[in-house]
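Containing mmCIF, C-alpha atoms: work_23.cif.
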data_final
#
loop_
_atom_site.label_atom_id
_atom_site.label_comp_id
_atom_site.auth_asym_id
_atom_site.auth_seq_id
_atom_site.Cartn_x
_atom_site.Cartn_y
_atom_site.Cartn_z
CA MET L 102 83.90 202.63 34.46
CA GLN L 103 85.42 205.68 36.13
CA HIS L 104 86.72 205.85 39.68
CA ALA L 105 89.00 208.37 41.30
CA MET L 106 92.45 207.04 41.93
CA LEU L 107 94.09 207.17 45.33
CA GLY L 108 95.41 210.58 46.36
CA ALA L 109 98.71 212.11 45.36
CA ASN L 110 100.73 210.09 47.85
CA HIS L 111 99.35 206.87 46.38
CA THR L 112 99.80 207.41 42.66
CA GLY L 113 103.33 206.00 42.65
CA MET L 114 105.30 203.61 44.76
CA ARG L 115 105.41 204.36 48.45
CA ALA L 116 108.78 205.63 49.61
CA ARG L 117 111.07 202.81 50.71
CA ASN L 118 110.86 203.53 54.44
CA GLU L 119 107.07 203.79 54.28
CA ARG L 120 106.88 200.41 52.56
CA LEU L 121 109.34 199.02 55.10
CA VAL L 122 107.03 200.05 57.95
CA LEU L 123 103.95 198.66 56.21
CA SER L 124 105.75 195.38 55.45
CA LEU L 125 106.87 194.90 59.04
CA ILE L 126 103.38 195.52 60.39
CA ARG L 127 101.88 193.16 57.79
CA ARG L 128 104.35 190.47 58.78
CA ASN L 129 104.31 190.94 62.55
CA GLY L 130 100.93 192.45 63.36
CA ALA L 131 100.32 195.76 65.16
CA LEU L 132 103.52 197.44 66.37
CA PRO L 133 104.28 200.59 68.38
CA LYS L 134 106.64 203.22 67.02
CA SER L 135 109.36 202.27 69.49
CA GLU L 136 109.41 198.66 68.30
CA ILE L 137 109.55 199.69 64.64
CA ALA L 138 112.46 202.00 65.43
CA ARG L 139 114.24 199.12 67.16
CA MET L 140 113.60 196.69 64.28
CA THR L 141 114.64 199.07 61.51
CA GLY L 142 117.38 201.15 63.09
CA LEU L 143 115.53 204.31 62.06
CA SER L 144 115.37 207.17 64.53
CA ALA L 145 112.29 207.55 66.69
CA GLN L 146 111.60 210.91 65.04
CA THR L 147 111.82 209.42 61.53
CA VAL L 148 109.48 206.58 62.44
CA SER L 149 107.04 209.02 64.01
CA VAL L 150 106.94 211.12 60.83
CA ILE L 151 106.45 208.05 58.63
CA MET L 152 103.66 206.58 60.72
CA ARG L 153 101.89 209.92 61.02
CA ALA L 154 101.91 210.23 57.23
CA LEU L 155 100.63 206.67 56.78
CA GLU L 156 97.87 207.31 59.31
CA GLU L 157 96.85 210.52 57.54
CA ASP L 158 96.73 208.61 54.25
CA GLY L 159 94.37 206.10 55.86
CA LEU L 160 96.78 203.16 55.64
CA LEU L 161 97.39 202.76 59.38
CA LEU L 162 95.14 203.09 62.42
CA LYS L 163 95.76 203.35 66.13
CA CYS L 164 95.02 200.37 68.36
CA ASP L 165 94.20 200.48 72.07
CA PRO L 166 97.10 201.72 74.25
CA VAL L 167 99.21 199.05 75.95
CA ARG L 168 100.27 200.02 79.47
CA GLY L 169 103.60 198.89 80.82
CA ARG L 170 104.96 198.99 84.33
CA VAL L 171 106.53 202.42 83.91
CA GLY L 172 106.23 205.40 81.59
CA GLN L 173 103.58 206.33 79.09
CA PRO L 174 101.49 203.58 77.49
CA SER L 175 102.57 202.59 73.99
CA VAL L 176 100.08 202.80 71.12
CA PRO L 177 100.46 200.01 68.56
CA MET L 178 99.46 200.80 65.00
CA ASP L 179 97.95 198.32 62.58
CA LEU L 180 96.94 198.14 58.93
CA ALA L 181 93.70 199.95 58.17
CA PRO L 182 91.35 197.53 56.34
CA ASP L 183 89.91 200.35 54.20
CA GLY L 184 93.33 201.78 53.39
CA ALA L 185 93.43 200.34 49.88
CA PHE L 186 91.68 197.70 47.81
CA PHE L 187 92.86 195.33 45.10
CA LEU L 188 91.19 193.16 42.48
CA GLY L 189 92.46 189.66 41.71
CA LEU L 190 91.46 187.80 38.54
CA LYS L 191 92.19 184.08 38.39
CA VAL L 192 91.79 182.51 34.97
CA GLY L 193 91.19 178.79 35.39
CA ARG L 194 90.64 175.91 33.06
CA ARG L 195 87.19 175.22 34.51
CA ARG L 196 86.48 178.35 36.66
CA THR L 197 87.40 182.00 36.34
CA GLU L 198 87.12 184.11 39.49
CA MET L 199 87.56 187.67 40.66
CA ALA L 200 88.15 188.67 44.27
CA LEU L 201 88.08 192.14 45.83
CA VAL L 202 90.61 192.28 48.67
CA ASP L 203 91.11 194.97 51.30
CA PHE L 204 94.39 196.25 52.71
CA THR L 205 94.58 193.50 55.33
CA GLY L 206 94.06 190.79 52.70
CA ALA L 207 90.46 190.00 53.60
CA ALA L 208 88.11 189.26 50.71
CA ARG L 209 85.33 191.85 50.45
CA GLY L 210 83.65 190.34 47.40
CA HIS L 211 83.92 187.42 45.01
CA LYS L 212 82.56 186.61 41.55
CA VAL L 213 82.77 183.30 39.67
CA THR L 214 81.96 182.01 36.21
CA ARG L 215 82.19 178.40 35.07
CA HIS L 216 83.12 177.19 31.60
CA ASP L 217 84.27 174.12 29.72
CA TYR L 218 87.34 176.06 28.62
CA PRO L 219 88.44 179.70 28.90
CA THR L 220 88.66 182.14 26.00
CA PRO L 221 90.24 185.60 25.97
CA ASP L 222 86.98 187.29 24.93
CA ALA L 223 84.96 185.70 27.72
CA THR L 224 87.73 186.37 30.26
CA VAL L 225 88.00 190.08 29.46
CA GLU L 226 84.20 190.43 29.41
CA PHE L 227 83.90 188.69 32.80
CA ALA L 228 86.69 190.78 34.34
CA ILE L 229 85.12 194.08 33.30
CA ARG L 230 81.66 192.98 34.42
CA ALA L 231 82.89 191.61 37.76
CA ALA L 232 84.91 194.75 38.51
CA GLY L 233 81.85 196.80 37.61
CA ASP L 234 79.85 194.90 40.22
CA LEU L 235 82.43 194.62 43.01
CA VAL L 236 83.96 198.09 43.11
CA PRO L 237 80.79 200.25 43.20
CA ALA L 238 79.52 198.10 46.07
CA LEU L 239 82.25 199.69 48.21
CA GLY L 240 80.60 203.09 47.92
CA ASP L 241 82.02 206.18 46.22
CA GLU L 242 84.63 207.04 48.85
CA LEU L 243 86.18 203.59 49.17
CA ALA L 244 85.89 202.86 45.45
CA GLY L 245 88.46 205.59 44.95
CA ARG L 246 90.94 203.59 47.03
CA VAL L 247 91.21 200.69 44.59
CA ALA L 248 94.92 200.57 43.81
CA GLY L 249 95.32 197.91 41.15
CA MET L 250 94.35 194.59 39.59
CA GLY L 251 96.40 191.42 39.39
CA ILE L 252 95.85 188.52 36.99
CA GLY L 253 96.76 184.91 37.77
CA LEU L 254 96.92 183.11 34.42
CA PRO L 255 98.34 179.71 33.45
CA TYR L 256 101.14 180.32 31.00
CA GLN L 257 100.84 178.92 27.46
CA MET L 258 97.14 178.30 27.92
CA TRP L 259 96.75 177.11 24.33
CA GLU L 260 98.80 173.98 25.09
CA TRP L 261 96.10 172.66 27.43
CA ALA L 262 93.40 172.19 24.77
CA PRO L 263 93.80 168.38 24.53
CA ALA L 264 93.50 167.98 28.30
CA LEU L 265 90.29 170.04 28.24
CA HIS L 266 88.95 167.86 25.42
CA VAL L 267 88.56 170.75 22.99
CA SER L 268 90.17 171.43 19.64
CA ARG L 269 93.40 173.38 19.49
CA ASP L 270 91.59 176.01 17.42
CA ALA L 271 89.20 176.66 20.32
CA MET L 272 92.06 178.04 22.44
CA ALA L 273 94.36 179.32 19.72
CA ASP L 274 93.46 182.96 20.46
CA TRP L 275 95.49 182.78 23.66
CA ARG L 276 98.66 182.81 21.52
CA GLN L 277 97.89 186.27 20.17
CA ARG L 278 95.97 188.05 22.91
CA ASP L 279 97.39 190.16 25.71
CA ILE L 280 94.57 190.39 28.23
CA GLN L 281 96.80 192.31 30.64
CA ALA L 282 97.12 195.15 28.13
CA GLU L 283 93.44 194.94 27.17
CA LEU L 284 92.26 195.21 30.77
CA ALA L 285 94.77 197.97 31.56
CA GLU L 286 93.23 199.97 28.72
CA ALA L 287 89.64 199.22 29.72
CA LEU L 288 90.00 199.79 33.49
CA PRO L 289 91.31 202.78 35.48
CA TRP L 290 93.92 200.85 37.49
CA PRO L 291 97.39 199.39 36.95
CA VAL L 292 97.16 195.73 35.91
CA LEU L 293 99.83 193.11 36.70
CA LEU L 294 100.07 189.50 35.50
CA GLU L 295 101.68 186.39 36.97
CA ASN L 296 101.41 182.64 36.55
CA ASP L 297 98.38 181.50 38.56
CA ALA L 298 100.30 179.07 40.77
CA SER L 299 103.02 181.65 41.45
CA ALA L 300 100.25 184.10 42.37
CA ALA L 301 98.88 181.55 44.86
CA CYS L 302 102.37 181.21 46.33
CA ASN L 303 102.56 185.00 46.62
CA ALA L 304 99.27 184.93 48.53
CA GLU L 305 100.86 182.61 51.08
CA LEU L 306 103.81 184.98 51.40
CA VAL L 307 101.83 188.23 51.59
CA LEU L 308 98.49 187.21 53.09
CA GLY L 309 99.19 183.91 54.81
CA LYS L 310 98.92 183.50 58.57
CA GLY L 311 101.62 180.92 59.12
CA ASP L 312 105.20 181.42 60.31
CA LEU L 313 106.84 180.47 57.04
CA PRO L 314 110.45 179.35 56.65
CA GLU L 315 112.74 181.40 54.44
CA ASN L 316 113.00 178.68 51.78
CA PHE L 317 110.15 176.44 50.68
CA LEU L 318 108.46 174.77 47.75
CA TYR L 319 104.78 175.61 47.36
CA ALA L 320 102.23 173.32 45.72
CA PHE L 321 98.69 174.30 44.74
CA ILE L 322 96.42 171.45 43.69
CA GLY L 323 94.04 172.67 40.98
CA PHE L 324 92.89 171.32 37.63
CA TYR L 325 96.63 170.90 37.18
CA ILE L 326 99.05 171.06 40.04
CA GLY L 327 101.14 174.22 40.05
CA GLY L 328 103.76 175.60 42.32
CA GLY L 329 106.12 178.30 43.38
CA LEU L 330 109.64 178.46 44.77
CA VAL L 331 110.49 180.77 47.66
CA LEU L 332 114.15 181.48 48.41
CA ASN L 333 115.35 183.84 51.14
CA GLY L 334 111.76 184.81 51.84
CA CYS L 335 111.07 185.97 48.27
CA LEU L 336 109.12 184.42 45.42
CA HIS L 337 111.68 183.25 42.86
CA PRO L 338 109.97 183.03 39.45
CA GLY L 339 113.12 182.38 37.44
CA PRO L 340 114.12 184.07 34.15
CA THR L 341 111.04 182.82 32.26
CA GLY L 342 108.61 182.59 35.18
CA ASN L 343 108.77 178.80 35.35
CA ALA L 344 110.70 178.25 38.59
CA GLY L 345 108.61 175.92 40.75
CA ALA L 346 106.66 174.64 37.71
CA LEU L 347 105.61 171.48 39.48
CA ALA L 348 103.23 170.32 36.76
CA SER L 349 106.17 169.53 34.48
CA MET L 350 108.45 167.98 37.11
CA PRO L 351 109.30 164.33 36.31
CA VAL L 352 108.60 161.83 39.09
CA PRO L 353 108.82 158.01 39.19
CA ASP L 354 105.88 156.19 37.61
CA GLY L 355 106.31 153.09 39.78
CA GLN L 356 107.30 150.96 36.78
CA GLY L 357 110.90 152.01 36.33
CA GLY L 358 110.12 155.06 34.24
CA ALA L 359 109.02 158.62 34.85
CA ARG L 360 105.97 160.79 34.25
CA GLN L 361 105.13 164.41 34.92
CA LEU L 362 103.75 165.28 38.33
CA MET L 363 100.63 166.76 36.71
CA ARG L 364 99.65 163.24 35.62
CA VAL L 365 99.23 162.06 39.22
CA ALA L 366 98.73 165.08 41.50
CA SER L 367 96.13 167.11 39.58
CA LEU L 368 92.36 167.28 39.97
CA SER L 369 92.07 166.64 36.24
CA VAL L 370 93.07 163.05 37.08
CA LEU L 371 90.14 162.76 39.47
CA GLU L 372 87.79 164.39 36.97
CA GLU L 373 88.82 161.93 34.28
CA ARG L 374 88.41 158.90 36.56
CA LEU L 375 84.96 160.10 37.62
CA GLY L 376 83.86 160.37 34.00
CA GLY L 377 80.62 162.29 33.55
CA GLU L 378 80.36 162.82 37.31
CA GLY L 379 83.60 164.80 37.55
CA GLY L 380 82.07 168.18 36.79
CA HIS L 381 80.81 168.58 40.36
CA LEU L 382 84.40 169.12 41.53
CA TRP L 383 84.22 172.69 40.20
CA GLU L 384 80.81 173.63 41.62
CA GLY L 385 82.07 174.01 45.19
CA LEU L 386 83.87 172.16 47.95
CA GLU L 387 80.92 171.17 50.12
CA ASN L 388 79.56 168.09 48.37
CA TRP L 389 82.37 166.19 46.78
CA ASN L 390 81.20 162.64 46.18
CA ILE L 391 84.15 160.47 45.18
CA PRO L 392 84.10 156.65 45.45
CA PRO L 393 86.57 155.60 48.16
CA ASP L 394 88.63 153.39 45.85
CA VAL L 395 89.09 156.21 43.33
CA LEU L 396 89.98 158.70 46.05
CA GLU L 397 92.46 156.41 47.81
CA THR L 398 94.26 155.63 44.57
CA TRP L 399 94.54 159.31 43.73
CA ILE L 400 95.79 160.26 47.21
CA GLY L 401 98.42 157.51 47.14
CA GLU L 402 99.76 158.42 43.70
CA ALA L 403 99.64 162.17 44.36
CA ALA L 404 101.43 161.77 47.69
CA GLN L 405 104.22 159.71 46.16
CA GLY L 406 104.69 162.23 43.38
CA LEU L 407 104.73 165.21 45.72
CA ALA L 408 107.17 163.48 48.07
CA HIS L 409 109.63 162.92 45.22
CA ALA L 410 109.18 166.51 44.04
CA ALA L 411 109.96 167.76 47.55
CA ALA L 412 113.04 165.53 47.76
CA SER L 413 114.30 166.88 44.43
CA ALA L 414 113.70 170.46 45.56
CA SER L 415 115.58 169.81 48.78
CA ALA L 416 118.55 168.36 46.92
CA LEU L 417 118.66 171.26 44.47
CA CYS L 418 117.61 174.28 46.57
CA ASP L 419 117.91 173.11 50.19
CA VAL L 420 114.30 174.01 50.96
CA ASP L 421 112.98 173.79 54.51
CA ALA L 422 109.43 172.77 53.70
CA LEU L 423 106.81 171.76 51.19
CA VAL L 424 103.66 173.85 51.64
CA ILE L 425 100.49 172.27 50.23
CA ASP L 426 97.25 174.08 49.42
CA GLY L 427 94.63 173.75 46.73
CA TRP L 428 91.07 173.73 45.48
CA LEU L 429 90.34 170.95 47.95
CA PRO L 430 88.07 170.34 50.93
CA ALA L 431 90.12 171.01 54.05
CA GLY L 432 89.92 167.41 55.22
CA LEU L 433 91.20 166.07 51.91
CA ARG L 434 94.02 168.63 51.78
CA ASP L 435 95.09 167.68 55.33
CA ARG L 436 94.94 163.97 54.54
CA LEU L 437 97.05 164.46 51.42
CA ALA L 438 99.66 166.38 53.40
CA GLN L 439 99.86 163.57 55.95
CA GLU L 440 100.34 160.98 53.21
CA VAL L 441 103.05 163.08 51.58
CA GLY L 442 104.92 163.09 54.88
CA ARG L 443 104.63 159.31 55.12
CA ALA L 444 105.74 158.85 51.52
CA MET L 445 108.77 161.05 52.14
CA GLU L 446 109.89 158.75 54.94
CA GLY L 447 110.28 155.99 52.36
CA ILE L 448 112.64 158.01 50.14
CA ASP L 449 116.39 157.78 50.72
CA MET L 450 117.45 161.36 51.50
CA SER L 451 120.94 160.61 52.73
CA GLY L 452 123.04 163.75 52.55
CA ILE L 453 120.12 166.21 52.43
CA ARG L 454 117.47 167.50 54.84
CA ARG L 455 113.99 166.02 54.72
CA PRO L 456 111.62 168.97 54.13
CA GLU L 457 108.81 169.52 56.59
CA VAL L 458 105.32 169.16 55.11
CA ARG L 459 103.04 172.09 55.92
CA ILE L 460 99.48 173.07 55.04
CA GLY L 461 98.83 176.38 53.32
CA THR L 462 96.86 178.98 55.26
CA VAL L 463 95.15 180.89 52.43
CA GLY L 464 92.96 178.09 51.12
CA PRO L 465 90.99 177.36 47.95
CA LEU L 466 90.87 180.99 46.79
CA ALA L 467 94.65 181.38 46.95
CA ARG L 468 94.99 182.03 43.21
CA SER L 469 92.49 184.90 43.04
CA LEU L 470 93.64 186.34 46.38
CA GLY L 471 97.21 185.88 45.18
CA ALA L 472 96.44 187.79 42.00
CA ALA L 473 95.14 190.64 44.16
CA SER L 474 98.31 190.45 46.26
CA LEU L 475 100.46 191.31 43.22
CA PRO L 476 99.60 195.05 43.11
CA LEU L 477 99.45 195.13 46.92
CA ALA L 478 103.01 193.85 47.17
CA GLU L 479 104.36 196.03 44.38
CA ARG L 480 102.79 199.25 45.67
CA PHE L 481 103.05 198.84 49.44
CA MET L 482 105.63 196.21 50.44
CA LEU L 483 109.30 195.31 50.35
CA ASP L 484 110.65 191.84 49.67
CA ASN L 485 111.67 190.12 52.87
CA GLY L 486 115.32 190.33 51.86
CA GLN L 487 115.13 194.14 51.73
CA TYR L 488 113.85 194.65 55.29
CA TYR L 489 117.22 195.42 56.84
#

Kindly present the structure from the file in structure tokens form.
Amino acid sequence: MQHAMLGANHTGMRARNERLVLSLIRRNGALPKSEIARMTGLSAQTVSVIMRALEEDGLLLKCDPVRGRVGQPSVPMDLAPDGAFFLGLKVGRRRTEMALVDFTGAARGHKVTRHDYPTPDATVEFAIRAAGDLVPALGDELAGRVAGMGIGLPYQMWEWAPALHVSRDAMADWRQRDIQAELAEALPWPVLLENDASAACNAELVLGKGDLPENFLYAFIGFYIGGGLVLNGCLHPGPTGNAGALASMPVPDGQGGARQLMRVASLSVLEERLGGEGGHLWEGLENWNIPPDVLETWIGEAAQGLAHAAASASALCDVDALVIDGWLPAGLRDRLAQEVGRAMEGIDMSGIRRPEVRIGTVGPLARSLGAASLPLAERFMLDNGQYY
């Protein structure tokens, strides 16, 4: 597969001030030059030069003039949807997906494959095939504006063989294989890799529509629950990438002991309790058919576990909120968030703040969109803490 890369100004990182301008517009929406100059402290002439260059590169476009009471009308500038494109590969325990995302974060295409368990060979084959379908569909001109691929992959995949009811040998290849390097060699774009739940958290930061606090714990409900930790407006992966690893967080088991959060707040729990009928959870979100007693038990246990996880995060990191998203129908996600809030009211949080419970704005595809956000953020954005 051969596609022209972005032009000379795109082959490396954008200059810091260019990425500053792009980050502010992504965060705040369309802005006129005068407002960007005010926000950044850059001179009006410097901002004008930067925005002219970004417009010429196809990354910004002019919006309709806004007329004030006096003087010339201001012309806000916004992100150009066709400015750049990014591929996001999410490797899941039951589903592997690839999304094609434009410069505004909108999905332009999506491919899915289902499996009983993922293997490196099948994952690499799917990624190459999906990219070969999605990118040419843009047309020759826009295909040359694909700027990178991100991979969202559960770390230590081989450890999940028992939970997937397969032999350890079936997933042993994950110990040896480096699919990031393999795809970087096979495809003409830079390839980045991050834990799948951290990638979903990055999607909320980069592509989300909500007004997020500076510090929050993020939870994504998938086959296993995963999470991310955001401090000072930046994803904080920790030295080994495991910060915010909610699956492993111990929570009370209701009998005086403890168990990992993954044992109560994961969809694998629902799948197991549904027996042979659990496979439909991965087909789509439209027709979930879960007996009320099974669903209520799961919601209650998951809410209690998440509430304790949020309390622990608040005590340790002083987070403002718990943000919940997942591979869930919207109504079920909203109901779970409500129950987490109620469960939190029953926990003694004397001496610390009770985190607000919020609903994520990216939705079920947050992991694949988040994978695509990795090269977007690296190439065209600054961390929030670097804005000023």

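Reported to one decimal place, the separation of atom CA of L:Met258 from atom CA of L:Asp274 is 9.5 Å.
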
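Taken over the whole file, the PyMOL selection byres ((chain L and resi 201-208) around 6) covers exactly Pro182, Gly184, Ala185, Phe186, Phe187, Leu188, Ala200, Arg209, Gly210 and Leu308 of chain L.
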
Please produce a file of the residues just selected, as a short mmCIF file (atom, residue, chain, number, x, y, z; two decimals), in the coordinates of the input, where the atoms kept are C-alpha atoms.
data_model
loop_
_atom_site.label_atom_id
_atom_site.label_comp_id
_atom_site.auth_asym_id
_atom_site.auth_seq_id
_atom_site.Cartn_x
_atom_site.Cartn_y
_atom_site.Cartn_z
CA PRO L 182 91.35 197.53 56.34
CA GLY L 184 93.33 201.78 53.39
CA ALA L 185 93.43 200.34 49.88
CA PHE L 186 91.68 197.70 47.81
CA PHE L 187 92.86 195.33 45.10
CA LEU L 188 91.19 193.16 42.48
CA ALA L 200 88.15 188.67 44.27
CA ARG L 209 85.33 191.85 50.45
CA GLY L 210 83.65 190.34 47.40
CA LEU L 308 98.49 187.21 53.09
#

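When the PyMOL selection byres ((chain L and resi 336-348) around 7) is run on the displayed coordinates, the residues it returns are Asn303, Tyr325, Ile326, Gly327, Gly328, Gly329, Leu330, Val331, Leu332, Gly334, Cys335, Ser349, Met350, Gln361, Leu362 and Met363 of chain L.
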
Based on the selection just made, write C-alpha atoms of those residues as a PDB file, in the coordinates of the input.
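File result.pdb, as written:
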ATOM      1  CA  ASN L 303     102.560 185.000  46.620  1.00  0.00           C
ATOM      2  CA  TYR L 325      96.630 170.900  37.180  1.00  0.00           C
ATOM      3  CA  ILE L 326      99.050 171.060  40.040  1.00  0.00           C
ATOM      4  CA  GLY L 327     101.140 174.220  40.050  1.00  0.00           C
ATOM      5  CA  GLY L 328     103.760 175.600  42.320  1.00  0.00           C
ATOM      6  CA  GLY L 329     106.120 178.300  43.380  1.00  0.00           C
ATOM      7  CA  LEU L 330     109.640 178.460  44.770  1.00  0.00           C
ATOM      8  CA  VAL L 331     110.490 180.770  47.660  1.00  0.00           C
ATOM      9  CA  LEU L 332     114.150 181.480  48.410  1.00  0.00           C
ATOM     10  CA  GLY L 334     111.760 184.810  51.840  1.00  0.00           C
ATOM     11  CA  CYS L 335     111.070 185.970  48.270  1.00  0.00           C
ATOM     12  CA  SER L 349     106.170 169.530  34.480  1.00  0.00           C
ATOM     13  CA  MET L 350     108.450 167.980  37.110  1.00  0.00           C
ATOM     14  CA  GLN L 361     105.130 164.410  34.920  1.00  0.00           C
ATOM     15  CA  LEU L 362     103.750 165.280  38.330  1.00  0.00           C
ATOM     16  CA  MET L 363     100.630 166.760  36.710  1.00  0.00           C
TER      17      MET L 363
END

Subject >> Explicit residue set for the PyMOL selection byres ((chain L and resi 425-432) around 7), as JSON, numbers by chain >> reply: {"L": [319, 320, 321, 322, 323, 386, 423, 424, 433, 434, 435, 436, 438, 459, 460, 461, 464, 465]}

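Between atom CA of L:Met445 and atom CA of L:Gly358 lies a distance of 18.9 Å.
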
Original post:
Distance atom CA of L:Ala131-atom CA of L:Ala473, one decimal place?
Top reply: 22.2 Å

Please determine the residues with any atom at most 12 Å from (83.6, 185.6, 28.3) (coordinates as given in the file, with all atoms listed in the file counting) and report them as a short mmCIF file (atom, residue, chain, number, x, y, z; two decimals) with C-alpha atoms, keeping the file's coordinate frame.
data_model
loop_
_atom_site.label_atom_id
_atom_site.label_comp_id
_atom_site.auth_asym_id
_atom_site.auth_seq_id
_atom_site.Cartn_x
_atom_site.Cartn_y
_atom_site.Cartn_z
CA VAL L 192 91.79 182.51 34.97
CA ARG L 196 86.48 178.35 36.66
CA THR L 197 87.40 182.00 36.34
CA GLU L 198 87.12 184.11 39.49
CA VAL L 213 82.77 183.30 39.67
CA THR L 214 81.96 182.01 36.21
CA ARG L 215 82.19 178.40 35.07
CA HIS L 216 83.12 177.19 31.60
CA ASP L 217 84.27 174.12 29.72
CA TYR L 218 87.34 176.06 28.62
CA PRO L 219 88.44 179.70 28.90
CA THR L 220 88.66 182.14 26.00
CA PRO L 221 90.24 185.60 25.97
CA ASP L 222 86.98 187.29 24.93
CA ALA L 223 84.96 185.70 27.72
CA THR L 224 87.73 186.37 30.26
CA VAL L 225 88.00 190.08 29.46
CA GLU L 226 84.20 190.43 29.41
CA PHE L 227 83.90 188.69 32.80
CA ALA L 228 86.69 190.78 34.34
CA ILE L 229 85.12 194.08 33.30
CA ARG L 230 81.66 192.98 34.42
CA ALA L 231 82.89 191.61 37.76
CA ILE L 280 94.57 190.39 28.23
#

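Neighbours of stretch 393-406 of chain L closer than or equal to 6 Å, with all atoms listed in the file counted and sequence neighbours fewer than 3 positions away skipped, come out as Val352, Leu362, Val365, Ala366, His409, Glu440, Val441 and Ala444 of chain L.
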
Subject >> Who sits within 12 Å of L:Ala116, all atoms listed in the file, same chain under 5 positions skipped, as number ranges by chain >> reply: L: 110-111, 121-123, 151, 154-155, 479-483

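Among the candidate residues L:Glu260, L:Asp279, L:Glu295, L:Asp421, the one lying nearest to L:Leu313 is L:Asp421, with distances computed using only C-alpha atoms.
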
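Between L:Arg454 and the residues L:Val420, L:Leu477, L:Ala472, L:Met140, the shortest atom-to-atom distance, using only C-alpha atoms, involves L:Val420.
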
**OP:** Choose the residue, out of L:Ile252, L:Leu437, L:Ile126, L:Ile448, that has the smallest atom-to-atom separation from L:Ser413; count only C-alpha atoms.
**Re:** L:Ile448

Original post:
L:Arg168, L:Lys134, L:Lys310, L:Lys163: which is nearest L:Ala181, counting all atoms listed in the file?
Top reply: L:Lys163
